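The next block is start.txt, given as compact mmCIF, C-alpha atoms.
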# COMPACT_ATOMS: atom_id res chain seq x y z
CA MET A 7 221.40 -2.95 370.58
CA LEU A 8 219.46 -0.47 368.42
CA GLU A 9 219.30 -3.02 365.59
CA LEU A 10 217.91 -5.59 368.00
CA ALA A 11 215.22 -3.17 369.18
CA ILE A 12 214.26 -2.32 365.59
CA GLY A 13 214.23 -6.02 364.75
CA ILE A 14 211.92 -6.75 367.70
CA ILE A 15 209.57 -3.94 366.55
CA LEU A 16 209.47 -5.23 362.97
CA GLY A 17 209.08 -8.84 364.09
CA GLY A 18 206.31 -7.94 366.54
CA CYS A 19 204.44 -5.98 363.87
CA ALA A 20 204.73 -8.84 361.35
CA LEU A 21 203.62 -11.37 363.98
CA GLY A 22 200.69 -9.17 364.97
CA ALA A 23 199.64 -8.76 361.33
CA GLY A 24 199.78 -12.52 360.83
CA CYS A 25 197.69 -13.13 363.96
CA ALA A 26 195.17 -10.50 362.84
CA MET A 27 194.72 -12.21 359.49
CA ILE A 28 193.49 -15.39 361.22
CA ALA A 29 190.20 -13.49 361.48
CA GLY A 30 190.11 -13.33 357.68
CA ILE A 31 189.49 -17.08 357.43
CA GLY A 32 186.19 -17.09 359.34
CA PRO A 33 184.03 -14.93 357.05
CA GLY A 34 184.83 -17.07 354.00
CA ILE A 35 183.77 -20.27 355.77
CA GLY A 36 180.73 -18.55 357.29
CA GLU A 37 179.58 -17.14 353.96
CA GLY A 38 179.97 -20.56 352.36
CA ASN A 39 177.76 -22.14 355.03
CA ALA A 40 175.18 -19.34 354.74
CA VAL A 41 174.95 -19.74 350.97
CA ALA A 42 174.71 -23.52 351.22
CA ALA A 43 171.78 -23.11 353.64
CA ALA A 44 170.21 -20.51 351.34
CA CYS A 45 170.47 -22.90 348.37
CA GLU A 46 168.66 -25.52 350.43
CA ALA A 47 165.96 -23.01 351.45
CA ILE A 48 165.40 -21.86 347.87
CA GLY A 49 165.29 -25.48 346.74
CA ARG A 50 162.46 -26.12 349.21
CA GLN A 51 160.59 -22.86 348.56
CA PRO A 52 161.56 -21.36 345.18
CA GLU A 53 159.04 -18.51 345.60
CA SER A 54 161.04 -17.15 348.57
CA ARG A 55 164.17 -16.55 346.47
CA SER A 56 164.00 -12.74 346.63
CA ALA A 57 163.54 -12.63 350.41
CA VAL A 58 166.27 -15.21 350.99
CA THR A 59 168.67 -13.34 348.67
CA THR A 60 168.11 -10.02 350.49
CA THR A 61 168.61 -11.56 353.93
CA MET A 62 171.65 -13.52 352.78
CA LEU A 63 173.22 -10.46 351.12
CA MET A 64 172.88 -8.43 354.31
CA GLY A 65 174.10 -11.32 356.44
CA CYS A 66 177.15 -11.89 354.26
CA ALA A 67 177.99 -8.16 354.22
CA ILE A 68 177.84 -8.08 358.02
CA ALA A 69 179.84 -11.32 358.33
CA GLU A 70 182.55 -9.82 356.16
CA THR A 71 183.07 -6.91 358.54
CA THR A 72 185.36 -8.85 360.87
CA GLY A 73 187.58 -9.82 357.96
CA LEU A 74 187.75 -6.20 356.81
CA TYR A 75 188.70 -5.00 360.29
CA ALA A 76 191.40 -7.68 360.49
CA LEU A 77 192.73 -6.63 357.10
CA VAL A 78 192.86 -2.97 358.10
CA ILE A 79 194.73 -3.83 361.31
CA ALA A 80 197.18 -6.06 359.44
CA ILE A 81 197.89 -3.39 356.80
CA LEU A 82 198.39 -0.75 359.49
CA LEU A 83 200.74 -3.06 361.39
CA ILE A 84 202.80 -3.78 358.28
CA PHE A 85 202.92 -0.39 356.56
CA VAL A 86 202.27 2.28 359.17
CA ALA A 87 203.17 1.05 362.67
CA PRO A 88 206.83 0.01 362.13
CA GLY A 89 207.88 3.45 360.84
CA ARG A 90 206.15 5.29 363.65
CA LEU A 91 207.43 2.92 366.36
CA VAL A 92 211.00 3.14 365.07
CA ASN A 93 210.69 6.96 365.02
CA ILE A 94 209.48 6.91 368.63
CA LEU A 95 212.39 4.65 369.57
CA LEU A 96 214.93 6.89 367.84
CA GLU A 97 213.45 10.01 369.46
CA SER A 98 213.57 8.42 372.91
CA ILE A 99 217.24 7.50 372.39
CA GLY A 100 217.95 11.03 371.19
CA MET B 233 173.60 -6.21 333.20
CA LYS B 234 170.34 -7.95 332.19
CA ASN B 235 171.10 -11.07 334.21
CA ILE B 236 171.66 -9.24 337.48
CA ASP B 237 169.09 -9.99 340.16
CA PRO B 238 166.86 -6.92 340.83
CA THR B 239 167.38 -7.43 344.59
CA ILE B 240 171.14 -7.00 344.14
CA LYS B 241 170.64 -3.91 341.95
CA HIS B 242 168.28 -2.39 344.52
CA MET B 243 170.56 -3.15 347.47
CA THR B 244 173.66 -1.85 345.66
CA SER B 245 171.94 1.40 344.73
CA TYR B 246 170.79 1.81 348.35
CA ILE B 247 174.32 1.13 349.63
CA ALA B 248 175.79 3.56 347.06
CA LEU B 249 173.37 6.30 348.11
CA ALA B 250 174.03 5.75 351.83
CA THR B 251 177.80 5.71 351.20
CA LEU B 252 177.53 8.96 349.23
CA ILE B 253 175.71 10.66 352.10
CA MET B 254 178.19 9.34 354.67
CA SER B 255 181.11 10.43 352.45
CA ALA B 256 179.72 13.97 352.32
CA LEU B 257 179.39 13.92 356.11
CA MET B 258 182.96 12.69 356.50
CA GLU B 259 184.28 15.39 354.17
CA ALA B 260 182.37 17.98 356.20
CA VAL B 261 183.92 16.66 359.44
CA PHE B 262 187.41 16.84 357.90
CA LEU B 263 186.64 20.43 356.79
CA ILE B 264 185.41 21.41 360.25
CA ILE B 265 188.47 20.03 362.05
CA GLY B 266 190.69 21.78 359.48
CA ARG B 267 192.36 18.66 358.09
CA TRP B 268 190.71 18.61 354.67
CA ASP B 269 192.86 18.51 351.55
CA LEU B 270 192.72 16.78 348.17
CA HIS B 271 194.30 13.63 349.62
CA VAL B 272 191.23 13.18 351.83
CA LEU B 273 188.98 13.46 348.77
CA PHE B 274 191.07 10.96 346.79
CA GLY B 275 191.14 8.56 349.75
CA ASN B 276 187.39 8.92 350.11
CA LEU B 277 186.78 8.28 346.41
CA LEU B 278 189.07 5.22 346.42
CA GLY B 279 187.63 3.72 349.61
CA ALA B 280 183.97 4.40 348.84
CA GLY B 281 184.28 3.26 345.22
CA VAL B 282 185.96 -0.01 346.12
CA GLY B 283 183.58 -0.54 349.06
CA ILE B 284 180.55 -0.29 346.76
CA LEU B 285 182.27 -2.42 344.11
CA ASN B 286 183.05 -5.03 346.78
CA PHE B 287 179.40 -5.17 347.80
CA PHE B 288 178.24 -5.45 344.18
CA LEU B 289 180.76 -8.22 343.44
CA MET B 290 179.64 -10.02 346.59
CA GLY B 291 176.05 -9.85 345.32
CA LEU B 292 177.10 -11.19 341.91
CA GLY B 293 179.04 -14.02 343.56
CA LEU B 294 176.08 -14.94 345.74
CA GLN B 295 173.71 -14.82 342.76
CA LYS B 296 176.00 -17.14 340.83
CA ALA B 297 176.27 -19.47 343.85
CA LEU B 298 172.50 -19.70 344.32
CA ASP B 299 172.12 -21.34 340.89
CA LYS B 300 174.46 -24.17 341.88
CA ASP B 301 174.19 -27.12 344.25
CA GLU B 302 175.29 -26.75 347.89
CA LYS B 303 178.88 -27.96 347.50
CA ASP B 304 179.60 -25.86 344.41
CA ALA B 305 177.88 -22.87 346.02
CA LYS B 306 180.22 -23.07 349.01
CA ALA B 307 183.28 -23.23 346.74
CA THR B 308 182.03 -20.35 344.56
CA VAL B 309 181.40 -18.07 347.54
CA THR B 310 184.73 -18.92 349.20
CA PHE B 311 186.55 -18.16 345.92
CA SER B 312 184.62 -14.91 345.47
CA HIS B 313 185.41 -13.91 349.06
CA THR B 314 189.11 -14.62 348.61
CA MET B 315 189.30 -12.57 345.39
CA ARG B 316 187.46 -9.64 346.96
CA PHE B 317 189.72 -9.86 350.01
CA PHE B 318 192.76 -9.50 347.73
CA LEU B 319 191.12 -6.50 346.05
CA LEU B 320 190.54 -4.84 349.44
CA ALA B 321 194.10 -5.65 350.53
CA LEU B 322 195.44 -4.10 347.31
CA VAL B 323 193.42 -0.93 347.84
CA LEU B 324 194.50 -0.62 351.48
CA ILE B 325 198.15 -1.16 350.53
CA LEU B 326 197.84 1.53 347.82
CA ALA B 327 196.24 3.92 350.33
CA ALA B 328 198.99 3.19 352.88
CA VAL B 329 201.94 3.41 350.49
CA LEU B 330 200.95 6.24 348.11
CA ASP B 331 200.88 9.79 349.41
CA TRP B 332 197.98 10.73 347.10
CA PHE B 333 195.48 9.01 349.37
CA ASN B 334 194.67 9.79 352.98
CA LEU B 335 194.72 6.38 354.69
CA LEU B 336 192.21 7.33 357.38
CA ALA B 337 189.71 8.62 354.81
CA ALA B 338 190.16 5.49 352.68
CA VAL B 339 189.65 3.13 355.65
CA ILE B 340 186.56 4.98 356.90
CA SER B 341 185.11 5.04 353.37
CA LEU B 342 185.78 1.32 352.95
CA ILE B 343 183.77 0.58 356.10
CA MET B 344 180.85 2.85 355.07
CA PRO B 345 178.96 0.23 352.96
CA THR B 346 178.99 -2.10 355.98
CA ALA B 347 177.65 0.71 358.15
CA ALA B 348 174.92 1.26 355.54
CA VAL B 349 174.01 -2.45 355.71
CA TYR B 350 173.82 -2.26 359.51
CA MET B 351 171.56 0.80 359.21
CA SER B 352 169.38 -0.97 356.66
CA ALA B 353 169.09 -4.01 358.93
CA MET B 354 168.15 -1.81 361.90
CA VAL B 355 165.56 0.11 359.86
CA SER B 356 163.97 -3.08 358.53
CA LYS B 357 163.95 -4.57 362.05
CA LYS B 358 162.29 -1.42 363.42
CA LYS B 359 159.71 -1.52 360.62
CA GLY B 360 159.06 -5.18 361.38
CA ILE B 361 158.52 -4.41 365.07
CA GLN B 362 156.14 -1.56 364.21
CA GLU B 363 154.20 -3.65 361.71
CA GLU B 364 153.93 -6.68 364.00
CA PRO B 365 150.98 -5.49 366.17
CA GLU B 366 148.89 -4.77 363.04
CA VAL B 367 149.30 -8.42 361.91
Please express the file's structure as structure tokens.
Amino acid sequence: MLELAIGIILGGCALGAGCAMIAGIGPGIGEGNAVAAACEAIGRQPESRSAVTTTMLMGCAIAETTGLYALVIAILLIFVAPGRLVNILLESIG
Amino acid sequence: MKNIDPTIKHMTSYIALATLIMSALMEAVFLIIGRWDLHVLFGNLLGAGVGILNFFLMGLGLQKALDKDEKDAKATVTFSHTMRFFLLALVLILAAVLDWFNLLAAVISLIMPTAAVYMSAMVSKKKGIQEEPEV
């Protein structure tokens, strides 16, 4: 029974980490679209390159935040949460 | 270093400065709550260093992508993002697995450059609002 409980904890953590990493896909696609649009804008108005680069850099950095949060949650779920949850389980059993 | 866009250099130096200030604040908070030790400092150094490096590499990737056509630019940025994501994952795994680094300090430090970008965006927006009536 204890093995089953530990297995459920480990499986749940791995599943949660996998679900969290879905959020890591979005920023890559979003950044790609932003840069494609920036290329088009610079192609139309080459003199606005500096302004477009600054705005795009800030936009991409902000867009990446969700991916970073997802990564942090996934790493915590894989490396930190299982140990603590198993400890809590063992303490509650006594 | 000569080929780097001045905008990227300027932004990276701003982010580095803001991260440095926020790191000092974080260390002070850890000291005040009595949880400061060398592991916090190492975690802070690792997280902040990689956070700034990540921003700089993102700038380089974007600069490279801007010189290409739309399709290639998309591919270049997606590749750059994936590689930087692996770098961040590696750093977080190191911080989680090795006892030398405080994980909390590393995670907070890794998010600091983003916080600096948010602050920069807010400041520039505020400036824009203040300057608008004059125009």
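Close contacts of range 22-31 of chain A, defined as residues with an atom at most 7 Å away when counting all atoms listed in the file, with chain neighbours fewer than 2 positions off set aside, comprise Gly18, Cys19, Ala20, Pro33, Gly34, Ile35, Thr72, Gly73, Ala76, Leu77, Ile79, Ala80, Leu83 and Ile84 of chain A.
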With 7 Å as the cut-off and only C-alpha atoms counted, what is the closest atom pair between each nearby residue of chain A and chain B? Distances in Å to one decimal, ordered by chain and number, as a Markdown table.
| residue | atom | partner | partner_atom | distance |
| --- | --- | --- | --- | --- |
| A:Gly34 | CA | B:Thr310 | CA | 5.1 |
| A:Ile35 | CA | B:Thr310 | CA | 6.8 |
| A:Glu37 | CA | B:Val309 | CA | 6.7 |
| A:Gly38 | CA | B:Lys306 | CA | 4.2 |
| A:Asn39 | CA | B:Lys306 | CA | 6.6 |
| A:Val41 | CA | B:Lys306 | CA | 6.5 |
| A:Ala42 | CA | B:Glu302 | CA | 4.7 |
| A:Cys45 | CA | B:Leu298 | CA | 5.5 |
| A:Ser56 | CA | B:Thr239 | CA | 6.6 |
| A:Thr60 | CA | B:Thr239 | CA | 6.5 |
| A:Leu63 | CA | B:Gly291 | CA | 6.5 |
| A:Met64 | CA | B:Val349 | CA | 6.2 |
| A:Ala67 | CA | B:Thr346 | CA | 6.4 |
| A:Ile68 | CA | B:Thr346 | CA | 6.4 |
| A:Thr71 | CA | B:Thr346 | CA | 6.8 |
| A:Leu77 | CA | B:Ala321 | CA | 6.8 |
| A:Ile81 | CA | B:Ile325 | CA | 6.7 |
| A:Phe85 | CA | B:Ala328 | CA | 6.5 |
If I put a ball of radius 8 Å at (165.7, -19.5, 347.4) in the file's coordinates, which residues poke into it when counting all atoms listed in the file, written as JSON, numbers by chain? {"A": [44, 45, 46, 47, 48, 49, 50, 51, 52, 53, 54, 55, 56, 57, 58, 59], "B": [298]}
Store the residues picked out above in a file with C-alpha atoms, as a tab-separated table (two decimals), in the frame of the given file.
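The result, stored in result_2.tsv:
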chain	number	residue	atom	x	y	z
A	44	ALA	CA	170.21	-20.51	351.34
A	45	CYS	CA	170.47	-22.90	348.37
A	46	GLU	CA	168.66	-25.52	350.43
A	47	ALA	CA	165.96	-23.01	351.45
A	48	ILE	CA	165.40	-21.86	347.87
A	49	GLY	CA	165.29	-25.48	346.74
A	50	ARG	CA	162.46	-26.12	349.21
A	51	GLN	CA	160.59	-22.86	348.56
A	52	PRO	CA	161.56	-21.36	345.18
A	53	GLU	CA	159.04	-18.51	345.60
A	54	SER	CA	161.04	-17.15	348.57
A	55	ARG	CA	164.17	-16.55	346.47
A	56	SER	CA	164.00	-12.74	346.63
A	57	ALA	CA	163.54	-12.63	350.41
A	58	VAL	CA	166.27	-15.21	350.99
A	59	THR	CA	168.67	-13.34	348.67
B	298	LEU	CA	172.50	-19.70	344.32
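From CA of Leu289 in chain B back to CA of Phe262 in chain B, the distance works out to 29.7 Å.
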Let me have the centre and edge lengths of the axis-aligned box enclosing all listed atoms of range 52-57 of chain A with 3 Å padding on every side, in Å to one decimal, as AutoDock Vina command-line options.
--center_x 161.6 --center_y -17.0 --center_z 347.8 --size_x 11.1 --size_y 14.7 --size_z 11.2
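Interatomic distance, CA of Gly281 in chain B to CA of Ser245 in chain B: 12.5 Å.
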Identify, on the basis of all atoms listed in the file, every residue whose closest approach to range 257-259 of chain B does not exceed 12 Å; exclude the query and any residue fewer than 2 positions from it along the same chain; express the result as an MDAnalysis selection string. chainID B and resid 250:255 261:277 280 334 336:341 344
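Nearest to Leu21 in chain A of all the residues A:Met7, A:Pro88, A:Thr61, A:Cys66 is A:Pro88, based on all atoms listed in the file.
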All residues 10 Å or closer to range 90-96 of chain A, all atoms listed in the file, same chain fewer than 4 positions away omitted, as a PyMOL selection string: chain A and resi 8+11-13+15-16+19+85-86+100
Store the residues of this selection in a file with C-alpha atoms, as a compact mmCIF listing (two decimals), in the frame of the given file.
# COMPACT_ATOMS: atom_id res chain seq x y z
CA LEU A 8 219.46 -0.47 368.42
CA ALA A 11 215.22 -3.17 369.18
CA ILE A 12 214.26 -2.32 365.59
CA GLY A 13 214.23 -6.02 364.75
CA ILE A 15 209.57 -3.94 366.55
CA LEU A 16 209.47 -5.23 362.97
CA CYS A 19 204.44 -5.98 363.87
CA PHE A 85 202.92 -0.39 356.56
CA VAL A 86 202.27 2.28 359.17
CA GLY A 100 217.95 11.03 371.19
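Rounded to one decimal, CA of Phe333 in chain B and CA of Leu278 in chain B lie 8.0 Å from each other.
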